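Have a look at run.csv below; it lists CSV, C-alpha atoms and all ligand atoms.
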chain,number,residue,atom,x,y,z
P,1,MET,CA,6.0,3.0,43.3
P,2,ILE,CA,7.2,3.4,39.7
P,3,ILE,CA,9.3,6.3,38.5
P,4,ALA,CA,9.1,6.0,34.7
P,5,ILE,CA,11.7,7.7,32.5
P,6,ASP,CA,11.6,8.0,28.7
P,7,GLY,CA,13.7,9.8,26.2
P,8,PRO,CA,16.0,9.3,23.2
P,9,ALA,CA,19.4,7.7,23.3
P,10,GLY,CA,22.3,9.7,24.8
P,11,THR,CA,20.3,11.7,27.3
P,12,GLY,CA,22.0,9.9,30.1
P,13,LYS,CA,18.8,8.0,31.0
P,14,THR,CA,20.6,4.8,31.9
P,15,THR,CA,23.3,6.4,34.0
P,16,VAL,CA,21.0,8.8,35.8
P,17,SER,CA,18.3,6.1,36.4
P,18,LYS,CA,20.9,3.8,38.1
P,19,ILE,CA,22.1,6.7,40.4
P,20,LEU,CA,18.5,7.8,41.1
P,21,ALA,CA,17.5,4.3,42.1
P,22,LYS,CA,20.5,4.0,44.4
P,23,ARG,CA,19.9,7.4,46.0
P,24,LEU,CA,16.3,6.5,46.7
P,25,SER,CA,17.2,2.9,47.7
P,26,ILE,CA,14.8,1.4,45.2
P,27,SER,CA,15.3,-1.0,42.3
P,28,TYR,CA,16.2,-0.2,38.7
P,29,LEU,CA,15.1,-1.7,35.4
P,30,ASP,CA,16.6,-0.8,32.0
P,31,THR,CA,14.0,-2.0,29.5
P,32,GLY,CA,16.4,-1.2,26.6
P,33,ALA,CA,18.4,-4.2,27.9
P,34,THR,CA,15.5,-6.5,27.3
P,35,TYR,CA,15.3,-5.5,23.6
P,36,ARG,CA,19.1,-5.5,23.4
P,37,ALA,CA,19.3,-9.1,24.8
P,38,LEU,CA,16.7,-10.2,22.3
P,39,THR,CA,18.6,-8.6,19.4
P,40,LEU,CA,21.8,-10.3,20.6
P,41,LYS,CA,20.1,-13.7,20.7
P,42,ALA,CA,18.7,-13.1,17.2
P,43,LEU,CA,22.2,-12.2,15.9
P,44,ASP,CA,23.9,-15.1,17.7
P,45,ASN,CA,21.3,-17.5,16.0
P,46,ASP,CA,21.8,-15.9,12.6
P,47,VAL,CA,18.1,-15.2,12.4
P,48,ASP,CA,16.7,-13.4,9.4
P,49,LEU,CA,15.6,-10.1,11.1
P,50,SER,CA,12.8,-9.6,8.6
P,51,ASN,CA,11.3,-12.9,9.8
P,52,LYS,CA,8.9,-11.6,12.4
P,53,ASP,CA,7.5,-15.1,13.3
P,54,VAL,CA,10.9,-16.4,14.3
P,55,LEU,CA,11.5,-13.3,16.4
P,56,ILE,CA,8.2,-13.7,18.1
P,57,ASP,CA,9.3,-17.3,19.1
P,58,LEU,CA,12.7,-16.0,20.2
P,59,ALA,CA,10.9,-13.4,22.4
P,60,LYS,CA,8.6,-16.0,23.9
P,61,THR,CA,11.4,-18.3,24.9
P,62,LEU,CA,13.9,-15.6,25.9
P,63,ASN,CA,15.8,-16.9,29.0
P,64,LEU,CA,16.7,-13.5,30.5
P,65,GLN,CA,17.5,-12.5,34.0
P,66,ILE,CA,18.0,-8.9,35.0
P,67,GLN,CA,19.3,-8.1,38.4
P,68,GLY,CA,19.8,-4.3,38.6
P,69,GLU,CA,22.8,-3.6,36.3
P,70,ASN,CA,23.5,-7.3,35.6
P,71,VAL,CA,22.0,-8.8,32.5
P,72,TYR,CA,22.2,-12.6,31.9
P,73,LEU,CA,21.1,-14.3,28.7
P,74,GLU,CA,20.8,-18.1,29.1
P,75,GLY,CA,22.9,-17.7,32.3
P,76,VAL,CA,25.7,-15.8,30.6
P,77,ASP,CA,26.6,-12.2,31.6
P,78,VAL,CA,25.9,-10.2,28.4
P,79,ASN,CA,26.0,-6.7,29.8
P,80,PHE,CA,29.0,-5.7,27.5
P,81,LYS,CA,27.9,-7.6,24.4
P,82,ILE,CA,24.4,-6.1,24.3
P,83,ARG,CA,25.8,-2.5,24.2
P,84,THR,CA,28.0,-2.8,21.1
P,85,PRO,CA,27.4,-1.0,17.7
P,86,VAL,CA,26.4,-4.3,16.0
P,87,VAL,CA,23.4,-4.5,18.4
P,88,ASP,CA,22.7,-0.7,18.0
P,89,LYS,CA,22.6,-1.2,14.2
P,90,ASN,CA,20.2,-4.2,14.2
P,91,ILE,CA,17.8,-3.4,17.0
P,92,SER,CA,15.5,-0.9,15.3
P,93,LEU,CA,13.8,-3.5,13.1
P,94,ILE,CA,13.3,-6.0,15.9
P,95,VAL,CA,11.7,-3.4,18.2
P,96,SER,CA,9.4,-2.2,15.5
P,97,TYR,CA,7.3,-5.5,15.5
P,98,SER,CA,4.2,-4.9,17.7
P,99,GLU,CA,3.8,-8.6,18.6
P,100,VAL,CA,7.4,-8.7,19.8
P,101,ARG,CA,6.9,-5.5,21.8
P,102,GLN,CA,3.7,-7.0,23.4
P,103,ILE,CA,5.7,-10.0,24.7
P,104,MET,CA,8.6,-7.8,25.9
P,105,VAL,CA,6.2,-5.3,27.6
P,106,GLU,CA,4.7,-8.2,29.6
P,107,LEU,CA,8.2,-9.3,30.6
P,108,GLN,CA,9.1,-5.8,31.7
P,109,ARG,CA,5.9,-5.5,33.8
P,110,LYS,CA,6.7,-8.8,35.5
P,111,LEU,CA,10.3,-7.8,36.1
P,112,ALA,CA,9.2,-4.6,38.0
P,113,LYS,CA,6.1,-6.1,39.6
P,114,ILE,CA,7.4,-6.4,43.2
P,115,GLY,CA,8.8,-3.4,45.0
P,116,ASP,CA,9.6,0.2,44.0
P,117,TYR,CA,11.4,0.7,40.7
P,118,VAL,CA,13.0,3.3,38.4
P,119,VAL,CA,12.1,2.0,34.9
P,120,GLU,CA,13.6,3.6,31.9
P,121,GLY,CA,13.1,3.2,28.1
P,122,ARG,CA,11.0,4.7,25.3
P,123,ASP,CA,7.4,3.8,26.0
P,124,ILE,CA,7.4,3.4,29.8
P,125,THR,CA,5.4,6.5,30.6
P,126,THR,CA,2.9,5.8,27.8
P,127,VAL,CA,2.6,2.0,27.4
P,128,VAL,CA,4.4,-0.1,30.0
P,129,PHE,CA,3.5,1.9,33.1
P,130,PRO,CA,1.1,4.7,32.1
P,131,GLN,CA,-0.1,4.7,35.8
P,132,ALA,CA,3.4,5.4,37.1
P,133,GLU,CA,3.5,7.8,40.1
P,134,PHE,CA,6.3,9.8,38.5
P,135,LYS,CA,6.9,10.4,34.8
P,136,PHE,CA,9.9,12.1,33.2
P,137,TYR,CA,11.0,12.7,29.7
P,138,LEU,CA,14.8,13.4,29.3
P,139,ASP,CA,15.8,15.2,26.1
P,140,GLY,CA,18.9,16.9,24.8
P,141,ASP,CA,20.7,18.4,21.8
P,142,THR,CA,21.5,15.7,19.1
P,143,SER,CA,25.2,16.5,18.9
P,144,VAL,CA,25.7,16.5,22.7
P,145,ARG,CA,23.8,13.2,22.9
P,146,ALA,CA,26.0,11.7,20.1
P,147,GLN,CA,29.2,12.9,21.9
P,148,ARG,CA,28.1,11.2,25.1
P,149,ARG,CA,27.4,7.9,23.2
P,150,TYR,CA,30.7,8.2,21.4
P,151,ASN,CA,32.6,8.8,24.7
P,152,GLU,CA,30.9,5.7,26.2
P,153,LEU,CA,32.0,3.5,23.3
P,154,ILE,CA,35.5,4.8,23.4
P,155,VAL,CA,35.8,4.3,27.2
P,156,LYS,CA,34.8,0.7,26.5
P,157,GLY,CA,37.7,0.4,24.1
P,158,LEU,CA,35.6,0.2,20.9
P,159,ASP,CA,37.0,1.6,17.6
P,160,VAL,CA,34.3,4.0,16.5
P,161,ASN,CA,34.1,7.2,14.6
P,162,PHE,CA,32.1,10.2,15.9
P,163,GLU,CA,30.2,10.9,12.6
P,164,ASP,CA,29.1,7.2,12.4
P,165,VAL,CA,27.9,7.3,16.0
P,166,LYS,CA,25.9,10.5,15.3
P,167,LYS,CA,24.4,9.1,12.1
P,168,ASP,CA,23.3,6.0,13.9
P,169,LEU,CA,21.8,7.9,16.8
P,170,ILE,CA,19.8,10.1,14.4
P,171,ARG,CA,18.6,7.0,12.6
P,172,ARG,CA,17.5,5.4,15.9
P,173,ASP,CA,15.8,8.6,17.0
P,174,ASN,CA,13.7,8.6,13.9
P,175,ALA,CA,12.9,4.9,14.1
P,176,ASP,CA,12.0,5.3,17.8
P,177,LYS,CA,9.7,8.3,17.1
P,178,ASN,CA,8.0,6.9,14.0
P,179,ARG,CA,7.2,3.3,14.7
P,180,SER,CA,3.5,2.3,14.8
P,181,THR,CA,3.6,0.8,18.4
P,182,GLY,CA,5.5,1.9,21.4
P,183,ALA,CA,6.8,5.0,19.7
P,184,LEU,CA,8.9,7.4,21.7
P,185,LYS,CA,6.6,10.3,22.6
P,186,ILE,CA,6.2,12.8,25.4
P,187,SER,CA,3.4,11.7,27.8
P,188,GLU,CA,1.1,14.7,28.6
P,189,ASP,CA,1.8,14.3,32.3
P,190,ALA,CA,5.6,13.8,32.0
P,191,LYS,CA,8.0,16.4,33.3
P,192,ILE,CA,10.5,17.3,30.5
P,193,ILE,CA,14.1,17.7,31.5
P,194,ASP,CA,16.6,19.1,28.9
P,195,THR,CA,19.9,17.5,29.8
P,196,THR,CA,21.9,19.4,27.1
P,197,ASN,CA,23.7,21.6,29.6
P,198,LEU,CA,23.3,19.4,32.7
P,199,THR,CA,25.8,17.0,34.2
P,200,VAL,CA,24.7,13.6,35.4
P,201,ALA,CA,24.7,14.8,39.0
P,202,GLU,CA,22.6,17.9,38.1
P,203,THR,CA,20.1,15.7,36.1
P,204,VAL,CA,19.7,13.3,39.1
P,205,ASP,CA,19.3,16.3,41.5
P,206,GLU,CA,16.5,17.7,39.2
P,207,LEU,CA,14.7,14.3,39.2
P,208,ILE,CA,15.0,14.0,43.0
P,209,LYS,CA,13.8,17.5,43.4
P,210,ASN,CA,10.6,16.7,41.4
P,211,VAL,CA,10.0,13.4,43.2
P,212,LYS,CA,10.4,15.0,46.7
P,213,LYS,CA,8.4,18.1,45.7
P,214,ASP,CA,5.5,15.9,44.6
P,215,GLU,CA,5.7,13.7,47.7
P,216,THR,CA,5.4,16.7,50.0
P,217,GLY,CA,2.6,18.0,47.8
P,218,ARG,CA,4.3,21.4,47.2
N,301,LIG,O1,17.8,2.7,25.8
N,301,LIG,P1,18.7,1.9,24.8
N,301,LIG,O2,19.5,2.7,23.9
N,301,LIG,O3,19.4,0.8,25.5
N,301,LIG,O4,17.6,1.2,23.9
N,301,LIG,C1,18.0,0.3,22.8
N,301,LIG,C2,16.9,0.3,21.7
N,301,LIG,O5,15.8,-0.3,22.2
N,301,LIG,C3,16.5,1.7,21.2
N,301,LIG,O6,16.9,1.9,19.9
N,301,LIG,C4,15.0,1.7,21.4
N,301,LIG,C5,14.6,0.4,21.9
N,301,LIG,N1,13.8,0.5,23.1
N,301,LIG,C6,12.4,0.5,22.9
N,301,LIG,O7,12.0,0.4,21.7
N,301,LIG,N2,11.6,0.5,23.9
N,301,LIG,C7,12.1,0.6,25.2
N,301,LIG,N3,11.2,0.6,26.2
N,301,LIG,C8,13.4,0.6,25.4
N,301,LIG,C9,14.3,0.6,24.3

This entry written out as structure tokens:
Amino acid sequence: MIIAIDGPAGTGKTTVSKILAKRLSISYLDTGATYRALTLKALDNDVDLSNKDVLIDLAKTLNLQIQGENVYLEGVDVNFKIRTPVVDKNISLIVSYSEVRQIMVELQRKLAKIGDYVVEGRDITTVVFPQAEFKFYLDGDTSVRAQRRYNELIVKGLDVNFEDVKKDLIRRDNADKNRSTGALKISEDAKIIDTTNLTVAETVDELIKNVKKDETGR
């Protein structure tokens, strides 16, 4: 079984997906982590990000292990490093290359091949797992989403400014919605959940309610 969750940054997708997977005793895959790890590798190797061919090669040879919440690049735990503003700033160009996306989509399908998974990202309901049993689209007010992202970075001890975080979030929203492949869009059969006024626990409850409702056929 696949529970596919899409939506823009700051909707709490990652947090609620992890909790949802735990509550249902199934596995969890954060596909954003795959693109973040690729971006980190490109930055660490001083790759010219406009050089698509080099990025395709990097994607093909990416030595990435994802075990639930743990992300290892070439055997090194990169969970903190892949979620820093420098990765946020540089990721949009890399994820816009359709050949790079094709390689990463194959990797994501392989990672969630065996067992039941909550898979979250931008194109999970539309491209990666269009046949998923459950499809959700989490949304939310832009300022509220920016505030959540800002809080996350502050808790991590990073020196950031709210306006910069908000600007970057809007820039990524636009890039995600307007790229030619794997764009963020609402799948026709996805249930939309507006998280603006919901806590994490309330969002998870809403997701569970929908999964259970469907399973019992009511
Ligand atoms: O969910 P996130 O913020 O960790 O995602 C990081 C970036 O990766 C985001 O700007 C969009 C991109 N992404 C994507 O293009 N497709 C996915 N399935 C997941 C993330």

Next on the checklist: Need the shell around Ile186 (chain P): protein/DNA/RNA residues with any atom at most 10 Å away, counting all atoms listed in the file. Skip same-chain ones fewer than 4 positions apart. Format as JSON, numbers by chain?
Outcome noted: {"P": [6, 7, 122, 123, 125, 126, 135, 136, 137, 138, 139, 190, 191, 192]}

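Interatomic distance, CA of Ala4 (chain P) to atom C8 of ligand LIG 301 (chain N): 11.6 Å.
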
Item to check | Within 8 Å of Ile170 (chain P) using all atoms listed in the file, minus same-chain residues under 4 positions, as a PyMOL selection string | outcome: chain P and resi 142+166+174

Next on the checklist: Set the distance at 12 Å and use all atoms listed in the file: which residues neighbour Ile114 (chain P) once local chain neighbours fewer than 3 positions away are removed? I'd like the list as number ranges by chain.
Outcome noted: P: 1-2, 26-29, 108-111, 117

Convert the current residue selection to file output with C-alpha atoms, as a compact mmCIF listing (two decimals), in the coordinates of the input.
# COMPACT_ATOMS: atom_id res chain seq x y z
CA MET P 1 6.00 3.00 43.30
CA ILE P 2 7.20 3.40 39.70
CA ILE P 26 14.80 1.40 45.20
CA SER P 27 15.30 -1.00 42.30
CA TYR P 28 16.20 -0.20 38.70
CA LEU P 29 15.10 -1.70 35.40
CA GLN P 108 9.10 -5.80 31.70
CA ARG P 109 5.90 -5.50 33.80
CA LYS P 110 6.70 -8.80 35.50
CA LEU P 111 10.30 -7.80 36.10
CA TYR P 117 11.40 0.70 40.70

Checklist entry - What is the CA of Gly12 (chain P)-CA of Thr84 (chain P) distance in Å, reported with one decimal? => result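 Atom-to-atom, CA of Gly12 (chain P) to CA of Thr84 (chain P), that is 16.7 Å.
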
Item to check | Nearest candidate to Asp57 (chain P) (options P:Ala42, P:Val105, P:Leu169, P:Lys113; using all atoms listed in the file) | outcome: P:Ala42

Return as JSON lines the residues of chain P lying at most 6 Å from ligand LIG 301 (chain N), together with the closest atom-to-atom pair for each and the distance in Å to one decimal, counting all atoms listed in the file, with rows in chain order and ascending residue number.
{"residue": "P:Ala9", "atom": "CA", "partner": "N:LIG301", "partner_atom": "O2", "distance": 5.0}
{"residue": "P:Thr31", "atom": "CA", "partner": "N:LIG301", "partner_atom": "C8", "distance": 4.9}
{"residue": "P:Gly32", "atom": "CA", "partner": "N:LIG301", "partner_atom": "C9", "distance": 3.6}
{"residue": "P:Ala33", "atom": "CA", "partner": "N:LIG301", "partner_atom": "O3", "distance": 5.6}
{"residue": "P:Tyr35", "atom": "CA", "partner": "N:LIG301", "partner_atom": "O5", "distance": 5.4}
{"residue": "P:Arg36", "atom": "CA", "partner": "N:LIG301", "partner_atom": "C1", "distance": 5.9}
{"residue": "P:Ser92", "atom": "CA", "partner": "N:LIG301", "partner_atom": "O6", "distance": 5.6}
{"residue": "P:Val95", "atom": "CA", "partner": "N:LIG301", "partner_atom": "O7", "distance": 5.2}
{"residue": "P:Gly121", "atom": "CA", "partner": "N:LIG301", "partner_atom": "N3", "distance": 3.7}
{"residue": "P:Arg122", "atom": "CA", "partner": "N:LIG301", "partner_atom": "N3", "distance": 4.2}
{"residue": "P:Asp123", "atom": "CA", "partner": "N:LIG301", "partner_atom": "N3", "distance": 5.0}
{"residue": "P:Ile124", "atom": "CA", "partner": "N:LIG301", "partner_atom": "N3", "distance": 5.9}
{"residue": "P:Arg172", "atom": "CA", "partner": "N:LIG301", "partner_atom": "O6", "distance": 5.3}
{"residue": "P:Asp176", "atom": "CA", "partner": "N:LIG301", "partner_atom": "C4", "distance": 5.9}

Next on the checklist: Which residue is closest to Ser187 (chain P)? Choose from P:Ile5, P:Leu49, P:Ala21, P:Ala112 and count only C-alpha atoms.
Outcome noted: P:Ile5

Checklist entry - Using only C-alpha atoms, which residue out of P:Arg179, P:Arg145, P:Lys22, P:Lys167 lies closest to Ser98 (chain P)? => result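 With only C-alpha atoms as the atom set, the closest residue is P:Arg179.
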
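For the pair CA of Asn90 (chain P) and CA of Arg148 (chain P), the separation is 20.5 Å.
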
May I have the residues within 10 Å of region 71-82 of chain P as an mmCIF file with C-alpha atoms, in the coordinates of the input, using all atoms listed in the file and disregarding those fewer than 4 positions away in the same chain?
data_model
loop_
_atom_site.group_PDB
_atom_site.id
_atom_site.type_symbol
_atom_site.label_atom_id
_atom_site.label_comp_id
_atom_site.auth_asym_id
_atom_site.auth_seq_id
_atom_site.Cartn_x
_atom_site.Cartn_y
_atom_site.Cartn_z
ATOM 1 C CA ASP P 30 16.600 -0.800 32.000
ATOM 2 C CA GLY P 32 16.400 -1.200 26.600
ATOM 3 C CA ALA P 33 18.400 -4.200 27.900
ATOM 4 C CA THR P 34 15.500 -6.500 27.300
ATOM 5 C CA TYR P 35 15.300 -5.500 23.600
ATOM 6 C CA ARG P 36 19.100 -5.500 23.400
ATOM 7 C CA ALA P 37 19.300 -9.100 24.800
ATOM 8 C CA LEU P 38 16.700 -10.200 22.300
ATOM 9 C CA THR P 39 18.600 -8.600 19.400
ATOM 10 C CA LEU P 40 21.800 -10.300 20.600
ATOM 11 C CA LYS P 41 20.100 -13.700 20.700
ATOM 12 C CA LEU P 62 13.900 -15.600 25.900
ATOM 13 C CA ASN P 63 15.800 -16.900 29.000
ATOM 14 C CA LEU P 64 16.700 -13.500 30.500
ATOM 15 C CA GLN P 65 17.500 -12.500 34.000
ATOM 16 C CA ILE P 66 18.000 -8.900 35.000
ATOM 17 C CA GLN P 67 19.300 -8.100 38.400
ATOM 18 C CA VAL P 86 26.400 -4.300 16.000
ATOM 19 C CA VAL P 87 23.400 -4.500 18.400
ATOM 20 C CA ASP P 88 22.700 -0.700 18.000
ATOM 21 C CA LYS P 156 34.800 0.700 26.500
#

Next on the checklist: Calculated over all atoms listed in the file, which of the candidates P:Lys89, P:Leu24, P:Thr15, P:Arg83 has the smallest distance to Lys212 (chain P)?
Outcome noted: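 Ranked by minimum distance to Lys212 (chain P), first place goes to P:Leu24.
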
Item to check | Selection near Gln147 (chain P), 12 Å with all atoms listed in the file, sequence-local residues under 2 positions removed, as a count of residues only | outcome: 26

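In terms of minimum interatomic distance to Thr14 (chain P), P:Gly68 ranks closest within P:Asp189, P:Gly68, P:Val54, P:Asp46, counting only C-alpha atoms.
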
Item to check | Pick from P:Ser96, P:Asn45, P:Ser25, P:Thr61, whichever lies nearest to Ala183 (chain P) using all atoms listed in the file | outcome: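 Between P:Ser96, P:Asn45, P:Ser25, P:Thr61, the residue approaching Ala183 (chain P) most closely is P:Ser96.
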